[in-house]
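Notes follow the structure.
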2 protein chains.
Amino acid sequence: MSSVKHITVKDIAKELKISASTVSRALSDHPDISTATKRNVLNTAEKLNYFPDSIAQSLKTKNRKTIGVIVPEIKHLFFSNVISGIEDVAYNSGYTIIVCQSNEDVNREIINTRALLSQRVSGIIVSISQTTSSYDHFFVAKKRKVPIVFFDRVPDDFEANKVIINDKESAYNAVKFLIQKNYKRIAHFGGANELRISKDRCLGYKEALVDNGIEVNESLIIHGGLHEEDGYKAMEMLLKNGSVPDAIFAVNDPVAIGAFTKIKEAGLEIPKDIALIGFSNNPITSLVDPKITTIDQHPEDMGKLTAETLIAEIEKEKTIDITETKVIKSSFVEREST
Amino acid sequence: MSSVKHITVKDIAKELKISASTVSRALSDHPDISTATKRNVLNTAEKLNYFPDSIAQSLKTKNRKTIGVIVPEIKHLFFSNVISGIEDVAYNSGYTIIVCQSNEDVNREIINTRALLSQRVSGIIVSISQTTSSYDHFFVAKKRKVPIVFFDRVPDDFEANKVIINDKESAYNAVKFLIQKNYKRIAHFGGANELRISKDRCLGYKEALVDNGIEVNESLIIHGGLHEEDGYKAMEMLLKNGSVPDAIFAVNDPVAIGAFTKIKEAGLEIPKDIALIGFSNNPITSLVDPKITTIDQHPEDMGKLTAETLIAEIEKEKTIDITETKVIKSSFVEREST
DNA sequence: TTATATATTGCAAACGTTTGCGGAAAGAAA
DNA sequence: TTTCTTTCCGCAAACGTTTGCAATATATAA
């Protein structure tokens with residue numbers, strides 16, 4: 001089903017017996033064109049149902065108003081919220097977004113950036129996959145001068161604008177909160193240590209302990225994945241070992257939920273036997289009983305800020321090579337599990 | 001920050017002292033080109049880090065391998081799952097997706113379709129907003145022969161391929177299930193009646209009642225929105241009226257959750273005092289206590305099927321004008337709330 | 001050796017825009 | 001009347017590809 005012939009600027013020109021260039025200028029409200037012909041052009045454009053071919057436009061002007069987005073998983077609640085924020089500011093700035101998911105696979109991430117580069121996007125937003133350790137594919141974008149800004153899952157050793165939340169500080173405060181509530185044996189269920197977010201949250205956890213005179217007990221730190229089953233298994237392991245904690249700080253909400261489930265199954269009570277803090281403010285946390293204390297990352301704001309910095313970089317005149325990592329402050333959401 | 005000069009086919013040609021056309025043909029593995037020059041071309045393309053300009057390509061070939069997606073809200077769980085499915089099959093077919101959200105606003109939906117048409121997408125996937133009642137903007141796409149396929153929120157009176165789930169049947173079966181469990185006063189919390197899904201689910205509800213000898217009691221049917229607060233308010237109203245039901249069939253999970261919250265607040269027990277069935281199989285439903293019985297819509301499969309039908313239509317040779325609405329079978333997920 | 005077929009490559013136009021430049025027409029100034 | 005502005009518009013090239021056709025070189029057949 002091939003597309004029918006589109007109406008072009010030439011068709012309008014022919015209809016009006018004028019040149020294509022005046023039509024083009026009339027459509028873009030160029031001062032050289034008389035108001036009379038402008039009116040005529042607009043009218044027949046309307047009549048013929050003309051749509052400018054933005055493909056041709058951006059070929060000519062080198063200005064594709066498009067930004068590419070690469071995330072690990074679109075359906076992940078956090079990412080879909082971020083994308084929503086990105087789309088919003090993109091829309092309001094006249095940009096259009098192409099979204100790809102890496103499925104946590106570097107190769108797909110590489111292919112995606114190649115595709116975006118081929119599409120001549122004006123900029124790229126990415127949250128890297130769990131399996132990327134080399135950044136060559138981002139370097140080729142950099143060499144091409146197409147701006148990249150990373151969010152949340154950002155590479156340590158790649159010079160670019162980034163936006164994150166204050167993971168370490170958030171973790172620190174959460175754990176400090178637990179300590180002040182007089183919890184002593186505080187466990188941490190973390191994610192893969194390659195991810196900055198996992199590392200930072202773990203760091204915050206440890207610092208809060210030592211700053212408050214509690215020595216870190218490595219047997220209470222369990223690094224697994226980022227999903228529910230990982231929290232479940234971690235809790236299971238601790239129970240089996242007999243080294244049960246009196247509080248848990250989980251790297252994110254799914255992990256917290258996994259632990260939550262196992263705790264209840266074991267007949268223990270929250271927060272009486274074990275307190276629990278998650279990370280993300282997933283809607284689920286406010287619906288379970290007891291409601292889980294967590295940390296709000298403001299994902300939609302993060303998406304907006306990311307898109308804003310990218311667009312600013314795209315539209316900046318001079319290419320000043322100073323990069324920045326902006327940090328959004330999380331909010332502690334105290335509920336019933338602590 | 002304007003983009004640096006990109007490497008073109010001409011640059012490769014110059015480097016090799018051959019013509020641009022042979023380079024082009026070599027890159028696309030045209031049989032006319034000798035293997036020797038093909039090898040050379042490939043090598044220098046690699047060396048110069050050449051990326052084909054797909055903008056120029058699609059201007060020339062009229063073949064943009066891109067599909068546009070318009071949904072009401074990206075961050076809505078159902079839609080992000082569908083988008084995930086769409087992206088997956090698009091990726092595997094070499095397509096790229098542009099996603100827009102209408103925010104339930106027709107005007108934005110109109111602007112979005114105009115933008116997609118300008119982008120010369122090969123096809124469009126849409127789930128219409130709650131406020132669209134006229135389909136003029138889709139008609140212009142149709143006239144341009146760019147295929148549209150609708151999913152879930154599909155227009156009644158617009159000829160196109162559509163994919164939906166068996167809403168009415170699903171509702172019918174759910175309510176029948178309640179009746180067989182001996183519930184008598186079954187309420188329905190529905191959405192706006194303009195939406196086909198709301199209408200169909202309500203229809204299934206009513207039919208199940210009459211088919212089983214229960215007369216429909218309009219005071220037990222409350223039409224509100226699709227969000228949590230709507231379910232909460234509906235339940236509140238019923239309690240205030242003193243006309244409390246012994247079971248509720250909600251139009252979707254958020255509404256069910258809202259009702260759930262109010263029921264618990266009122267000190268009533270689920271399912272002893274009131275049974276509850278939702279719609280969507282939102283993860284939340286399996287985490288609350290008691291777990292809520294619901295209906296799985298298989299959103300990711302729906303996304304895949306939608307993308308597949310669209311791509312089939314795009315790549316079909318002859319434009320045969322027969323449209324079809326495919327229906328995906330939902331799954332009933334029985335849990336503790338019934 | 002000449003004629004014919006085959007294998008490679010190049011030329012140039014085209015896709016739908018935008019834009020620098022030059023030019024005609026008309027009005028203003030001299 | 002002539003000269004200078006101003007207003008408005010058209011020509012043609014360009015963006016980076018693809019592709020029909022012609023052209024050359026080489027191999028095969030006669």
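Ordering of the structure tokens sets the chain letters (A, B, ...); residue numbers start at 1 within each chain; ligands are numbered from 1 in the order shown.
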Given a cut-off of 7 Å, which residues of chain D touch chain B, counting only C-alpha atoms (C1' of nucleotides), written out as a count of residues only?
-> 3
Counting only C-alpha atoms, collect the residues of chain A whose closest atom lies at most 8 Å from chain B, and write them out as an MDAnalysis selection string.
-> chainID A and resid 1:6 51:56 58:59 73:77 80:81 83:84 87 96:101 114 117:120 122 144:146 283:284 287:289 313:319
Please determine the contact residues of chain C with respect to chain B at a cut-off of 8 Å, counting only C-alpha atoms (C1' of nucleotides), and supply them as a PyMOL selection string.
-> chain C and resi 7-10+14-16
Could you write out the selected residues, including N, CA, C and O atoms (P, O5', C5', C4', C3', O3' and C1' of nucleotides), as a PDB file, in the first residue's frame?
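Ended up saving to selection-v7.pdb:
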ATOM      1  P    DA C   7      28.011 -11.320 -16.794  1.00  0.00           P
ATOM      2  O5'  DA C   7      29.118 -10.344 -16.182  1.00  0.00           O
ATOM      3  C5'  DA C   7      30.476 -10.520 -16.554  1.00  0.00           C
ATOM      4  C4'  DA C   7      31.262  -9.280 -16.181  1.00  0.00           C
ATOM      5  C3'  DA C   7      30.887  -8.674 -14.816  1.00  0.00           C
ATOM      6  O3'  DA C   7      32.093  -8.399 -14.128  1.00  0.00           O
ATOM      7  C1'  DA C   7      30.748  -7.025 -16.498  1.00  0.00           C
ATOM      8  P    DT C   8      32.068  -8.021 -12.579  1.00  0.00           P
ATOM      9  O5'  DT C   8      32.691  -6.578 -12.617  1.00  0.00           O
ATOM     10  C5'  DT C   8      31.837  -5.537 -12.932  1.00  0.00           C
ATOM     11  C4'  DT C   8      32.635  -4.315 -13.238  1.00  0.00           C
ATOM     12  C3'  DT C   8      32.385  -3.264 -12.177  1.00  0.00           C
ATOM     13  O3'  DT C   8      33.586  -2.563 -11.895  1.00  0.00           O
ATOM     14  C1'  DT C   8      31.562  -2.548 -14.310  1.00  0.00           C
ATOM     15  P    DT C   9      33.577  -1.609 -10.623  1.00  0.00           P
ATOM     16  O5'  DT C   9      33.040  -0.254 -11.241  1.00  0.00           O
ATOM     17  C5'  DT C   9      33.924   0.559 -12.008  1.00  0.00           C
ATOM     18  C4'  DT C   9      33.130   1.585 -12.772  1.00  0.00           C
ATOM     19  C3'  DT C   9      32.599   2.746 -11.950  1.00  0.00           C
ATOM     20  O3'  DT C   9      33.514   3.820 -12.056  1.00  0.00           O
ATOM     21  C1'  DT C   9      31.143   2.083 -13.737  1.00  0.00           C
ATOM     22  P    DG C  10      33.238   5.179 -11.259  1.00  0.00           P
ATOM     23  O5'  DG C  10      32.453   6.075 -12.317  1.00  0.00           O
ATOM     24  C5'  DG C  10      33.004   6.270 -13.595  1.00  0.00           C
ATOM     25  C4'  DG C  10      32.075   7.125 -14.444  1.00  0.00           C
ATOM     26  C3'  DG C  10      31.582   8.405 -13.763  1.00  0.00           C
ATOM     27  O3'  DG C  10      31.595   9.451 -14.733  1.00  0.00           O
ATOM     28  C1'  DG C  10      29.723   7.082 -14.415  1.00  0.00           C
ATOM     29  P    DA C  14      14.279  15.468 -14.114  1.00  0.00           P
ATOM     30  O5'  DA C  14      13.753  14.928 -12.699  1.00  0.00           O
ATOM     31  C5'  DA C  14      13.506  13.537 -12.517  1.00  0.00           C
ATOM     32  C4'  DA C  14      13.636  13.213 -11.058  1.00  0.00           C
ATOM     33  C3'  DA C  14      12.951  14.221 -10.116  1.00  0.00           C
ATOM     34  O3'  DA C  14      11.737  13.661  -9.651  1.00  0.00           O
ATOM     35  C1'  DA C  14      15.088  13.484  -9.304  1.00  0.00           C
ATOM     36  P    DC C  15      10.609  14.648  -9.083  1.00  0.00           P
ATOM     37  O5'  DC C  15      10.442  14.231  -7.547  1.00  0.00           O
ATOM     38  C5'  DC C  15      10.581  12.905  -7.078  1.00  0.00           C
ATOM     39  C4'  DC C  15      11.011  12.949  -5.637  1.00  0.00           C
ATOM     40  C3'  DC C  15      10.559  14.209  -4.895  1.00  0.00           C
ATOM     41  O3'  DC C  15       9.329  13.932  -4.233  1.00  0.00           O
ATOM     42  C1'  DC C  15      12.850  13.627  -4.401  1.00  0.00           C
ATOM     43  P    DG C  16       8.089  14.978  -4.441  1.00  0.00           P
ATOM     44  O5'  DG C  16       8.435  16.144  -3.410  1.00  0.00           O
ATOM     45  C5'  DG C  16       8.401  15.852  -2.024  1.00  0.00           C
ATOM     46  C4'  DG C  16       8.969  17.018  -1.260  1.00  0.00           C
ATOM     47  C3'  DG C  16       8.260  18.354  -1.508  1.00  0.00           C
ATOM     48  O3'  DG C  16       8.003  18.949  -0.259  1.00  0.00           O
ATOM     49  C1'  DG C  16      10.591  18.581  -1.853  1.00  0.00           C
TER      50       DG C  16
END
Fewer than 4 positions away in the same chain doesn't count, so skip those; otherwise give me all residues within 7 Å of Met235 (chain B), counting only C-alpha atoms (C1' of nucleotides), as an NGL selection string.
-> :B and (231 or 239 or 259 or 262)
Which of region 72-141 of chain B DSSP labels alpha helix (DSSP H), written as JSON, numbers by chain = {"B": [77, 78, 79, 80, 81, 82, 83, 84, 85, 86, 87, 88, 89, 90, 91, 92, 106, 107, 108, 109, 110, 111, 112, 113, 114, 115, 116, 117, 118, 136, 137, 138, 139, 140, 141]}
Which residues, written as a PyMOL selection string, have at least one atom at most 12 Å from DC21 (chain C), with only C-alpha atoms (C1' of nucleotides) counted and residues fewer than 2 positions away on the same chain left out?
-> (chain C and resi 19+23) or (chain D and resi 10-13)
Restricted to N, CA, C and O atoms (P, O5', C5', C4', C3', O3' and C1' of nucleotides), what would the selected residues look like written as a PDB file, in the first residue's frame?
ATOM      1  P    DT C  19      16.231  28.895   4.700  1.00  0.00           P
ATOM      2  O5'  DT C  19      17.086  29.655   3.602  1.00  0.00           O
ATOM      3  C5'  DT C  19      18.232  29.024   3.053  1.00  0.00           C
ATOM      4  C4'  DT C  19      18.804  29.874   1.937  1.00  0.00           C
ATOM      5  C3'  DT C  19      18.601  31.382   2.117  1.00  0.00           C
ATOM      6  O3'  DT C  19      19.780  32.032   1.681  1.00  0.00           O
ATOM      7  C1'  DT C  19      17.759  30.733   0.049  1.00  0.00           C
ATOM      8  P    DG C  23      20.606  40.957 -13.115  1.00  0.00           P
ATOM      9  O5'  DG C  23      19.038  41.114 -13.270  1.00  0.00           O
ATOM     10  C5'  DG C  23      18.202  39.973 -13.533  1.00  0.00           C
ATOM     11  C4'  DG C  23      16.752  40.397 -13.438  1.00  0.00           C
ATOM     12  C3'  DG C  23      16.498  41.804 -14.000  1.00  0.00           C
ATOM     13  O3'  DG C  23      15.267  41.789 -14.689  1.00  0.00           O
ATOM     14  C1'  DG C  23      15.781  41.703 -11.771  1.00  0.00           C
TER      15       DG C  23
ATOM     16  P    DG D  10       6.812  34.632  -8.950  1.00  0.00           P
ATOM     17  O5'  DG D  10       8.216  34.381  -9.663  1.00  0.00           O
ATOM     18  C5'  DG D  10       8.508  35.096 -10.851  1.00  0.00           C
ATOM     19  C4'  DG D  10       9.904  34.771 -11.334  1.00  0.00           C
ATOM     20  C3'  DG D  10      10.203  33.274 -11.462  1.00  0.00           C
ATOM     21  O3'  DG D  10      10.975  33.096 -12.646  1.00  0.00           O
ATOM     22  C1'  DG D  10      11.747  34.266  -9.943  1.00  0.00           C
ATOM     23  P    DC D  11      11.260  31.610 -13.219  1.00  0.00           P
ATOM     24  O5'  DC D  11      12.846  31.542 -13.272  1.00  0.00           O
ATOM     25  C5'  DC D  11      13.588  32.714 -12.989  1.00  0.00           C
ATOM     26  C4'  DC D  11      15.068  32.435 -13.090  1.00  0.00           C
ATOM     27  C3'  DC D  11      15.465  30.996 -13.391  1.00  0.00           C
ATOM     28  O3'  DC D  11      16.721  31.010 -14.055  1.00  0.00           O
ATOM     29  C1'  DC D  11      16.086  31.536 -11.175  1.00  0.00           C
ATOM     30  P    DA D  12      17.328  29.659 -14.655  1.00  0.00           P
ATOM     31  O5'  DA D  12      18.247  29.132 -13.464  1.00  0.00           O
ATOM     32  C5'  DA D  12      19.182  30.030 -12.888  1.00  0.00           C
ATOM     33  C4'  DA D  12      19.865  29.372 -11.698  1.00  0.00           C
ATOM     34  C3'  DA D  12      20.162  27.878 -11.866  1.00  0.00           C
ATOM     35  O3'  DA D  12      21.409  27.638 -11.260  1.00  0.00           O
ATOM     36  C1'  DA D  12      18.903  28.185  -9.931  1.00  0.00           C
ATOM     37  P    DA D  13      22.280  26.367 -11.654  1.00  0.00           P
ATOM     38  O5'  DA D  13      23.055  26.092 -10.276  1.00  0.00           O
ATOM     39  C5'  DA D  13      23.424  27.209  -9.468  1.00  0.00           C
ATOM     40  C4'  DA D  13      23.324  26.857  -8.001  1.00  0.00           C
ATOM     41  C3'  DA D  13      23.815  25.447  -7.652  1.00  0.00           C
ATOM     42  O3'  DA D  13      24.646  25.530  -6.515  1.00  0.00           O
ATOM     43  C1'  DA D  13      21.647  25.772  -6.801  1.00  0.00           C
TER      44       DA D  13
END
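Among the candidates B:Lys199, B:His298, B:His188, B:Lys240, the residue lying nearest to Ser219 (chain B) is B:His188 (atoms considered: only C-alpha atoms).
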If you run DSSP over the backbone, which residues in region 76-269 of chain B end up strand (DSSP E)? Put them as a PyMOL selection string.
-> chain B and resi 96-101+123-126+148-151+161-165+186-190+221-223+247-250
Please identify all polymer residues within 8 Å of Arg196 (chain A), counting only C-alpha atoms (C1' of nucleotides), omitting same-chain residues fewer than 4 positions from it, and present them as a VMD selection string.
-> chain A and resid 153 to 156 200
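The spacing separating CA of Leu226 (chain A) from CA of Asp152 (chain A) amounts to 14.3 Å.
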Just the residues within 9 Å of Ala247 (chain A), please, counting only C-alpha atoms (C1' of nucleotides), with nothing from its chain fewer than 6 positions along; format it as a count of residues only.
-> 14
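Atom pair C1' of DC4 (chain D) / C1' of DA25 (chain C): separated by 14.0 Å.
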